[in-house]
>>> print(open('protein06.cif').read())   # mmCIF, C-alpha atoms
data_input
loop_
_atom_site.label_atom_id
_atom_site.label_comp_id
_atom_site.auth_asym_id
_atom_site.auth_seq_id
_atom_site.Cartn_x
_atom_site.Cartn_y
_atom_site.Cartn_z
CA MET A 28 130.96 -123.83 127.75
CA VAL A 29 128.27 -125.45 129.91
CA SER A 30 125.97 -128.25 128.75
CA ILE A 31 122.79 -129.58 130.32
CA ASP A 32 120.65 -132.58 129.44
CA VAL A 33 117.56 -133.89 131.22
CA CYS A 34 116.83 -137.26 129.66
CA ASP A 35 113.80 -139.52 130.06
CA SER A 36 115.43 -142.81 129.07
CA ALA A 37 118.40 -144.82 130.36
CA PHE A 38 121.83 -143.40 129.50
CA ASP A 39 125.39 -144.69 129.76
CA PRO A 40 127.44 -141.96 131.49
CA TRP A 41 130.73 -143.26 130.09
CA ASP A 42 129.44 -143.27 126.51
CA ARG A 43 128.05 -139.77 127.03
CA LEU A 44 131.35 -138.58 128.43
CA ALA A 45 133.39 -140.05 125.58
CA GLN A 46 130.95 -138.65 123.01
CA TYR A 47 130.99 -135.20 124.61
CA GLN A 48 134.77 -135.02 124.74
CA ARG A 49 135.03 -136.18 121.13
CA ASP A 50 132.26 -134.09 119.56
CA CYS A 51 131.64 -131.03 121.72
CA MET A 52 134.92 -129.92 123.27
CA ASP A 53 137.20 -127.81 121.14
CA SER A 54 139.67 -126.75 123.84
CA ALA A 55 141.02 -130.14 124.93
CA GLY A 56 144.63 -128.92 124.85
CA SER A 57 144.08 -126.50 127.73
CA VAL A 58 142.55 -129.13 130.05
CA GLY A 59 144.74 -130.39 132.86
CA ALA A 60 142.02 -131.91 135.06
CA THR A 61 138.70 -133.70 134.52
CA ALA A 62 136.50 -134.57 137.50
CA VAL A 63 133.55 -136.89 136.98
CA PHE A 64 130.75 -137.85 139.35
CA VAL A 65 128.23 -140.56 138.49
CA GLY A 66 125.28 -141.24 140.78
CA THR A 67 123.36 -144.51 140.42
CA MET A 68 120.12 -145.80 141.87
CA ARG A 69 120.43 -148.00 144.96
CA ASP A 70 118.19 -150.96 145.80
CA LEU A 71 118.01 -150.08 149.50
CA ASN A 72 116.84 -146.90 151.27
CA GLU A 73 116.00 -146.36 154.94
CA GLY A 74 116.18 -150.11 155.52
CA ASP A 75 113.67 -151.05 152.79
CA ALA A 76 114.29 -152.89 149.52
CA VAL A 77 113.51 -150.53 146.61
CA GLN A 78 112.28 -152.12 143.38
CA GLY A 79 112.09 -149.04 141.22
CA MET A 80 111.79 -145.29 141.25
CA LEU A 81 109.90 -142.52 139.49
CA LEU A 82 111.90 -139.34 139.10
CA GLU A 83 109.60 -136.37 138.53
CA HIS A 84 110.80 -132.87 137.67
CA TYR A 85 109.60 -129.39 136.74
CA PRO A 86 110.31 -129.10 133.01
CA GLY A 87 111.72 -125.69 132.22
CA MET A 88 112.69 -124.78 135.78
CA THR A 89 115.00 -127.80 135.97
CA GLU A 90 116.97 -126.82 132.88
CA ARG A 91 117.03 -123.17 133.92
CA TYR A 92 118.38 -124.05 137.38
CA LEU A 93 121.04 -126.48 136.10
CA GLU A 94 122.17 -123.85 133.59
CA LYS A 95 122.36 -121.24 136.35
CA ILE A 96 124.54 -123.32 138.69
CA SER A 97 126.74 -124.42 135.78
CA GLN A 98 127.36 -120.78 134.81
CA ALA A 99 128.06 -119.90 138.44
CA ALA A 100 130.60 -122.73 138.78
CA ALA A 101 132.26 -121.83 135.49
CA GLY A 102 132.85 -118.29 136.75
CA ARG A 103 133.85 -119.17 140.29
CA TRP A 104 136.38 -121.90 139.37
CA ASN A 105 137.37 -120.69 135.91
CA LEU A 106 136.18 -123.93 134.31
CA ILE A 107 136.91 -124.75 130.70
CA ASP A 108 133.78 -126.87 130.25
CA SER A 109 131.06 -128.65 132.20
CA LEU A 110 128.38 -131.25 131.50
CA ILE A 111 125.38 -132.27 133.61
CA VAL A 112 123.11 -135.13 132.52
CA HIS A 113 120.17 -135.98 134.79
CA ARG A 114 117.71 -138.80 134.34
CA VAL A 115 113.94 -138.49 134.84
CA GLY A 116 111.09 -141.01 134.52
CA GLU A 117 111.03 -144.66 135.62
CA LEU A 118 114.33 -146.03 136.89
CA LEU A 119 115.54 -149.43 138.09
CA PRO A 120 118.24 -150.11 140.68
CA GLY A 121 121.72 -149.88 139.21
CA GLU A 122 120.74 -147.36 136.53
CA PRO A 123 122.64 -144.06 136.40
CA ILE A 124 120.73 -141.04 137.71
CA VAL A 125 123.19 -138.22 137.26
CA LEU A 126 126.47 -137.38 135.55
CA VAL A 127 128.44 -134.29 136.50
CA ALA A 128 131.71 -133.68 134.66
CA VAL A 129 133.92 -130.60 134.80
CA TRP A 130 137.10 -129.70 132.94
CA SER A 131 139.66 -127.22 134.22
CA ALA A 132 143.35 -126.37 134.03
CA HIS A 133 144.15 -127.76 137.49
CA ARG A 134 142.77 -130.46 139.80
CA LYS A 135 141.72 -128.22 142.70
CA GLU A 136 139.15 -126.39 140.60
CA ALA A 137 137.82 -129.60 139.07
CA PHE A 138 137.35 -131.37 142.42
CA GLU A 139 135.79 -128.37 144.15
CA ALA A 140 133.47 -127.42 141.30
CA SER A 141 132.12 -130.96 140.79
CA ARG A 142 131.36 -131.33 144.51
CA TRP A 143 129.68 -127.93 144.66
CA LEU A 144 127.56 -128.65 141.57
CA MET A 145 126.34 -131.95 143.02
CA GLU A 146 125.38 -130.38 146.34
CA GLU A 147 123.60 -127.45 144.65
CA LEU A 148 121.78 -129.85 142.35
CA LYS A 149 120.65 -132.06 145.24
CA SER A 150 119.50 -129.24 147.47
CA LYS A 151 117.68 -126.99 144.96
CA ALA A 152 117.08 -128.49 141.50
CA PRO A 153 113.35 -129.36 141.18
CA PHE A 154 113.52 -133.16 141.08
CA TRP A 155 111.45 -135.52 143.24
CA LYS A 156 111.94 -139.24 143.83
CA LYS A 157 109.11 -141.69 144.42
CA GLU A 158 110.29 -145.15 145.45
CA ARG A 159 108.45 -148.33 144.56
CA LEU A 160 108.62 -150.87 147.38
CA ALA A 161 107.29 -154.44 147.70
CA GLU A 162 104.14 -152.93 149.20
CA GLY A 163 103.17 -149.58 147.77
CA SER A 164 105.28 -146.54 147.00
CA ARG A 165 106.51 -143.46 148.85
CA TRP A 166 107.97 -140.05 148.11
CA VAL A 167 111.52 -139.52 149.33
CA GLU A 168 111.34 -136.57 151.68
CA HIS A 169 114.93 -136.07 152.79
CA ASN A 170 118.29 -135.89 151.13
CA THR A 171 121.03 -137.97 152.68
CA PRO A 172 124.09 -136.08 153.91
CA GLY A 173 126.86 -136.03 151.33
CA MET B 29 94.25 -110.95 136.99
CA LEU B 30 94.87 -114.49 135.74
CA VAL B 31 97.83 -116.64 136.74
CA GLN B 32 98.80 -120.24 136.11
CA VAL B 33 99.28 -122.39 139.19
CA ARG B 34 101.12 -125.72 139.26
CA PHE B 35 101.63 -128.43 141.88
CA PHE B 36 104.29 -131.11 141.81
CA ALA B 37 105.10 -134.50 143.37
CA GLY B 38 103.59 -135.27 146.78
CA LEU B 39 101.95 -131.87 146.94
CA ARG B 40 100.11 -132.52 143.66
CA GLU B 41 98.79 -135.77 145.10
CA ARG B 42 97.75 -134.07 148.35
CA VAL B 43 95.95 -131.22 146.56
CA GLY B 44 94.50 -133.63 144.00
CA SER B 45 95.36 -131.41 141.03
CA ALA B 46 98.32 -130.58 138.80
CA GLY B 47 97.06 -126.98 138.70
CA GLY B 48 95.36 -124.67 136.24
CA GLU B 49 94.40 -121.04 135.66
CA ILE B 50 92.99 -119.01 138.53
CA SER B 51 91.69 -115.47 138.91
CA LEU B 52 93.15 -113.27 141.66
CA PRO B 53 92.45 -109.83 143.16
CA ASP B 54 94.91 -106.97 142.64
CA GLY B 55 97.71 -107.00 145.19
CA ALA B 56 97.81 -110.78 145.31
CA THR B 57 100.93 -112.56 146.53
CA VAL B 58 102.19 -116.11 146.23
CA ALA B 59 100.36 -116.84 149.49
CA THR B 60 97.13 -115.60 147.89
CA VAL B 61 97.68 -117.98 144.98
CA TRP B 62 97.91 -120.89 147.42
CA ALA B 63 94.83 -119.80 149.38
CA VAL B 64 92.67 -119.33 146.27
CA ALA B 65 93.88 -122.45 144.44
CA VAL B 66 93.82 -124.85 147.39
CA GLY B 67 91.14 -123.27 149.58
CA GLU B 68 93.36 -123.34 152.67
CA GLU B 69 95.13 -120.49 154.41
CA THR B 70 98.00 -122.63 155.67
CA PHE B 71 100.37 -124.81 153.67
CA PRO B 72 102.36 -127.92 154.65
CA ASP B 73 105.71 -127.38 156.36
CA ASN B 74 108.64 -127.08 153.97
CA THR B 75 106.46 -126.17 150.98
CA LEU B 76 108.54 -124.38 148.34
CA ALA B 77 107.26 -121.83 145.84
CA ALA B 78 108.53 -120.63 142.47
CA ARG B 79 107.31 -117.69 140.39
CA ASN B 80 108.11 -117.95 136.70
CA MET B 81 110.51 -120.81 137.53
CA GLU B 82 112.56 -118.91 140.13
CA TYR B 83 112.39 -119.63 143.87
CA VAL B 84 110.44 -116.94 145.78
CA GLY B 85 109.00 -116.34 149.24
CA PHE B 86 105.27 -116.53 149.91
CA ASP B 87 105.01 -112.76 150.35
CA THR B 88 106.20 -112.10 146.79
CA PRO B 89 103.67 -110.16 144.66
CA VAL B 90 102.37 -111.84 141.50
CA SER B 91 101.44 -110.31 138.17
CA GLU B 92 99.07 -111.08 135.33
CA GLY B 93 100.28 -114.10 133.35
CA ASP B 94 102.71 -115.39 135.99
CA GLU B 95 103.26 -119.09 136.54
CA VAL B 96 103.33 -119.94 140.25
CA ALA B 97 104.40 -123.43 141.34
CA PHE B 98 104.26 -125.16 144.73
CA PHE B 99 106.23 -128.27 145.59
CA PRO B 100 107.79 -130.27 148.44
CA PRO B 101 111.51 -130.30 149.27
CA VAL B 102 113.53 -131.51 146.28
CA THR B 103 115.36 -134.85 146.23
CA GLY B 104 117.33 -135.10 143.01
CA GLY B 105 120.83 -136.38 142.37
CA ALA B 106 122.13 -139.54 143.98
CA TRP B 107 122.99 -140.90 147.38
#
>>> encode(input="protein06.cif", output="structure tokens")
Amino acid sequence: MVSIDVCDSAFDPWDRLAQYQRDCMDSAGSVGATAVFVGTMRDLNEGDAVQGMLLEHYPGMTERYLEKISQAAAGRWNLIDSLIVHRVGELLPGEPIVLVAVWSAHRKEAFEASRWLMEELKSKAPFWKKERLAEGSRWVEHNTPG
Amino acid sequence: MLVQVRFFAGLRERVGSAGGEISLPDGATVATVWAVAVGEETFPDNTLAARNMEYVGFDTPVSEGDEVAFFPPVTGGAW
């Protein structure tokens, strides 16, 4: 199974993870490995203090793309389950932006699939960051290397 | 034919519009959509295009009722 959520208010990735494992997974006995990545907003970028951020996206295309890469990862690494939660809207430093969790029989698949999903998400999912600085705001134009 | 055009993020601010419905000649491509909607033949470096929410090249033909979106490089996820 693959699950996607684009949410417009703050979320706690650890609560979401616990809730998902408790309520949505029915194959827990076959899981040997769980890999989890949580990305949070930093208060510094390119040498400037960042006070806040607006995360814009393309509703519809975002969900379609996240679903597509989740299905691709599930097939390629024989995953048992996966969950992607991505924040949009106004964020403050320290708030979680993204949760990627994958469940598989063995650790190799879980590690590789979670890394691949994050890189695919960063390079192609239609999200855009606009940082709020002490003086004005700016669109982020480049991804940092992983 | 009529298509929906959409602009996102910094490109929306540059164009000064989130998009709308435009009328195109037969044989139009994604590049035609840009030219008609923005009034410029050239587009900023790194501009990405999607047709019906799938990435496409600018030479892709469009059809009646399509949604064509233009946007800058994406920057989701975390550092």
>>> residues_around(input="protein06.cif", residues="Gln78 in chain A", least_positions_apart="4", cutoff="12 Å", atoms="all atoms listed in the file", output="number ranges by chain")
A: 68-72, 117-122, 157-165
>>> atom_distance(input="protein06.cif", atom1="CA of Leu76 in chain B", atom2="CA of Ala128 in chain A")
28.5 Å
>>> closest_atom_pairs(input="protein06.cif", of="range 108-168 of chain A", to="range 35-52 of chain B", cutoff="10 Å", atoms="all atoms listed in the file", output="tab-separated table")
residue	atom	partner	partner_atom	distance
A:Pro153	CA	B:Phe36	CA	9.2
A:Phe154	CA	B:Ala37	CA	8.8
A:Trp155	CA	B:Ala37	CA	6.4
A:Lys156	CA	B:Ala37	CA	8.3
A:Lys157	CA	B:Ala37	CA	8.3
A:Arg165	CA	B:Gly38	CA	8.9
A:Trp166	CA	B:Gly38	CA	6.6
A:Val167	CA	B:Gly38	CA	9.4
A:Glu168	CA	B:Gly38	CA	9.3
>>> interface_residues(input="protein06.cif", of="chain A", to="chain B", cutoff="10 Å", atoms="only C-alpha atoms", output="PyMOL selection string")
chain A and resi 64-69+72+82-92+113-115+123-127+145-157+165-173
>>> residues_around(input="protein06.cif", residues="Asp108 in chain A", least_positions_apart="5", cutoff="7 Å", atoms="all atoms listed in the file", output="count of residues only")
4
>>> atom_distance(input="protein06.cif", atom1="CA of Met52 in chain A", atom2="CA of Phe38 in chain A")
19.8 Å
>>> residues_around(input="protein06.cif", residues="Glu95 in chain B", least_positions_apart="3", cutoff="7 Å", atoms="all atoms listed in the file", output="short mmCIF file (atom, residue, chain, number, x, y, z; two decimals) with C-alpha atoms, keeping the file's coordinate frame")
data_model
loop_
_atom_site.label_atom_id
_atom_site.label_comp_id
_atom_site.auth_asym_id
_atom_site.auth_seq_id
_atom_site.Cartn_x
_atom_site.Cartn_y
_atom_site.Cartn_z
CA VAL B 31 97.83 -116.64 136.74
CA GLN B 32 98.80 -120.24 136.11
CA VAL B 33 99.28 -122.39 139.19
CA ARG B 79 107.31 -117.69 140.39
CA ASN B 80 108.11 -117.95 136.70
#
>>> closest_residue(input="protein06.cif", among="B:Phe71, B:Phe98, B:Leu30, B:Ala56", to="Val84 in chain B", atoms="all atoms listed in the file")
B:Phe98
>>> atom_distance(input="protein06.cif", atom1="CA of Asn105 in chain A", atom2="CA of Ala132 in chain A")
8.5 Å
>>> resolve_selection(input="protein06.cif", expression="the PyMOL selection byres ((chain A and resi 139) around 12)", output="VMD selection string")
chain A and resid 60 to 64 100 to 101 103 to 106 128 to 131 133 to 138 140 to 146
>>> build_atoms(input="protein06.cif", residues="range 75-108 of chain A", atoms="N, CA and C atoms", output="PDB file, in the coordinates of the input")
ATOM      1  N   ASP A  75     114.650-150.346 153.619  1.00  0.00           N
ATOM      2  CA  ASP A  75     113.670-151.050 152.790  1.00  0.00           C
ATOM      3  C   ASP A  75     114.237-151.342 151.398  1.00  0.00           C
ATOM      4  N   ALA A  76     113.905-152.542 150.888  1.00  0.00           N
ATOM      5  CA  ALA A  76     114.290-152.890 149.520  1.00  0.00           C
ATOM      6  C   ALA A  76     113.477-152.025 148.540  1.00  0.00           C
ATOM      7  N   VAL A  77     114.166-151.400 147.586  1.00  0.00           N
ATOM      8  CA  VAL A  77     113.510-150.530 146.610  1.00  0.00           C
ATOM      9  C   VAL A  77     113.546-151.215 145.248  1.00  0.00           C
ATOM     10  N   GLN A  78     112.363-151.387 144.655  1.00  0.00           N
ATOM     11  CA  GLN A  78     112.280-152.120 143.380  1.00  0.00           C
ATOM     12  C   GLN A  78     112.409-151.213 142.164  1.00  0.00           C
ATOM     13  N   GLY A  79     112.024-149.970 142.336  1.00  0.00           N
ATOM     14  CA  GLY A  79     112.090-149.040 141.220  1.00  0.00           C
ATOM     15  C   GLY A  79     111.827-147.634 141.713  1.00  0.00           C
ATOM     16  N   MET A  80     111.954-146.673 140.816  1.00  0.00           N
ATOM     17  CA  MET A  80     111.790-145.290 141.250  1.00  0.00           C
ATOM     18  C   MET A  80     111.249-144.439 140.101  1.00  0.00           C
ATOM     19  N   LEU A  81     110.358-143.524 140.459  1.00  0.00           N
ATOM     20  CA  LEU A  81     109.900-142.520 139.490  1.00  0.00           C
ATOM     21  C   LEU A  81     110.566-141.207 139.839  1.00  0.00           C
ATOM     22  N   LEU A  82     111.269-140.634 138.879  1.00  0.00           N
ATOM     23  CA  LEU A  82     111.900-139.340 139.100  1.00  0.00           C
ATOM     24  C   LEU A  82     111.101-138.280 138.335  1.00  0.00           C
ATOM     25  N   GLU A  83     110.407-137.452 139.114  1.00  0.00           N
ATOM     26  CA  GLU A  83     109.600-136.370 138.530  1.00  0.00           C
ATOM     27  C   GLU A  83     110.422-135.088 138.539  1.00  0.00           C
ATOM     28  N   HIS A  84     110.133-134.174 137.630  1.00  0.00           N
ATOM     29  CA  HIS A  84     110.800-132.870 137.670  1.00  0.00           C
ATOM     30  C   HIS A  84     109.874-131.780 137.158  1.00  0.00           C
ATOM     31  N   TYR A  85     110.370-130.560 137.190  1.00  0.00           N
ATOM     32  CA  TYR A  85     109.600-129.390 136.740  1.00  0.00           C
ATOM     33  C   TYR A  85     110.234-128.939 135.421  1.00  0.00           C
ATOM     34  N   PRO A  86     109.697-129.433 134.301  1.00  0.00           N
ATOM     35  CA  PRO A  86     110.310-129.100 133.010  1.00  0.00           C
ATOM     36  C   PRO A  86     110.398-127.592 132.817  1.00  0.00           C
ATOM     37  N   GLY A  87     111.516-127.129 132.378  1.00  0.00           N
ATOM     38  CA  GLY A  87     111.720-125.690 132.220  1.00  0.00           C
ATOM     39  C   GLY A  87     112.501-125.134 133.392  1.00  0.00           C
ATOM     40  N   MET A  88     111.961-125.269 134.599  1.00  0.00           N
ATOM     41  CA  MET A  88     112.690-124.780 135.780  1.00  0.00           C
ATOM     42  C   MET A  88     113.949-125.621 136.017  1.00  0.00           C
ATOM     43  N   THR A  89     113.840-126.925 135.776  1.00  0.00           N
ATOM     44  CA  THR A  89     115.000-127.800 135.970  1.00  0.00           C
ATOM     45  C   THR A  89     116.169-127.350 135.102  1.00  0.00           C
ATOM     46  N   GLU A  90     115.904-127.205 133.808  1.00  0.00           N
ATOM     47  CA  GLU A  90     116.970-126.820 132.880  1.00  0.00           C
ATOM     48  C   GLU A  90     117.515-125.433 133.230  1.00  0.00           C
ATOM     49  N   ARG A  91     116.620-124.523 133.578  1.00  0.00           N
ATOM     50  CA  ARG A  91     117.030-123.170 133.920  1.00  0.00           C
ATOM     51  C   ARG A  91     117.950-123.175 135.150  1.00  0.00           C
ATOM     52  N   TYR A  92     117.588-124.001 136.161  1.00  0.00           N
ATOM     53  CA  TYR A  92     118.380-124.050 137.380  1.00  0.00           C
ATOM     54  C   TYR A  92     119.751-124.707 137.137  1.00  0.00           C
ATOM     55  N   LEU A  93     119.755-125.805 136.378  1.00  0.00           N
ATOM     56  CA  LEU A  93     121.040-126.480 136.100  1.00  0.00           C
ATOM     57  C   LEU A  93     121.969-125.560 135.304  1.00  0.00           C
ATOM     58  N   GLU A  94     121.386-124.821 134.380  1.00  0.00           N
ATOM     59  CA  GLU A  94     122.170-123.850 133.590  1.00  0.00           C
ATOM     60  C   GLU A  94     122.756-122.765 134.507  1.00  0.00           C
ATOM     61  N   LYS A  95     121.944-122.305 135.440  1.00  0.00           N
ATOM     62  CA  LYS A  95     122.360-121.240 136.350  1.00  0.00           C
ATOM     63  C   LYS A  95     123.527-121.682 137.235  1.00  0.00           C
ATOM     64  N   ILE A  96     123.441-122.886 137.822  1.00  0.00           N
ATOM     65  CA  ILE A  96     124.540-123.320 138.690  1.00  0.00           C
ATOM     66  C   ILE A  96     125.786-123.659 137.867  1.00  0.00           C
ATOM     67  N   SER A  97     125.581-124.131 136.634  1.00  0.00           N
ATOM     68  CA  SER A  97     126.740-124.420 135.780  1.00  0.00           C
ATOM     69  C   SER A  97     127.481-123.134 135.429  1.00  0.00           C
ATOM     70  N   GLN A  98     126.718-122.077 135.122  1.00  0.00           N
ATOM     71  CA  GLN A  98     127.360-120.780 134.810  1.00  0.00           C
ATOM     72  C   GLN A  98     128.064-120.229 136.041  1.00  0.00           C
ATOM     73  N   ALA A  99     127.448-120.397 137.212  1.00  0.00           N
ATOM     74  CA  ALA A  99     128.060-119.900 138.440  1.00  0.00           C
ATOM     75  C   ALA A  99     129.371-120.626 138.729  1.00  0.00           C
ATOM     76  N   ALA A 100     129.374-121.954 138.545  1.00  0.00           N
ATOM     77  CA  ALA A 100     130.600-122.730 138.780  1.00  0.00           C
ATOM     78  C   ALA A 100     131.687-122.371 137.780  1.00  0.00           C
ATOM     79  N   ALA A 101     131.285-122.162 136.524  1.00  0.00           N
ATOM     80  CA  ALA A 101     132.260-121.830 135.490  1.00  0.00           C
ATOM     81  C   ALA A 101     132.992-120.543 135.835  1.00  0.00           C
ATOM     82  N   GLY A 102     132.245-119.567 136.380  1.00  0.00           N
ATOM     83  CA  GLY A 102     132.850-118.290 136.750  1.00  0.00           C
ATOM     84  C   GLY A 102     133.703-118.398 138.008  1.00  0.00           C
ATOM     85  N   ARG A 103     133.171-119.100 138.999  1.00  0.00           N
ATOM     86  CA  ARG A 103     133.850-119.170 140.290  1.00  0.00           C
ATOM     87  C   ARG A 103     135.159-119.954 140.228  1.00  0.00           C
ATOM     88  N   TRP A 104     135.177-121.051 139.428  1.00  0.00           N
ATOM     89  CA  TRP A 104     136.380-121.900 139.370  1.00  0.00           C
ATOM     90  C   TRP A 104     137.100-121.813 138.027  1.00  0.00           C
ATOM     91  N   ASN A 105     136.692-120.871 137.198  1.00  0.00           N
ATOM     92  CA  ASN A 105     137.370-120.690 135.910  1.00  0.00           C
ATOM     93  C   ASN A 105     137.402-121.998 135.110  1.00  0.00           C
ATOM     94  N   LEU A 106     136.243-122.636 134.999  1.00  0.00           N
ATOM     95  CA  LEU A 106     136.180-123.930 134.310  1.00  0.00           C
ATOM     96  C   LEU A 106     136.286-123.746 132.801  1.00  0.00           C
ATOM     97  N   ILE A 107     136.822-124.759 132.155  1.00  0.00           N
ATOM     98  CA  ILE A 107     136.910-124.750 130.700  1.00  0.00           C
ATOM     99  C   ILE A 107     135.605-125.280 130.100  1.00  0.00           C
ATOM    100  N   ASP A 108     135.010-126.258 130.773  1.00  0.00           N
ATOM    101  CA  ASP A 108     133.780-126.870 130.250  1.00  0.00           C
ATOM    102  C   ASP A 108     133.070-127.604 131.388  1.00  0.00           C
TER     103      ASP A 108
END
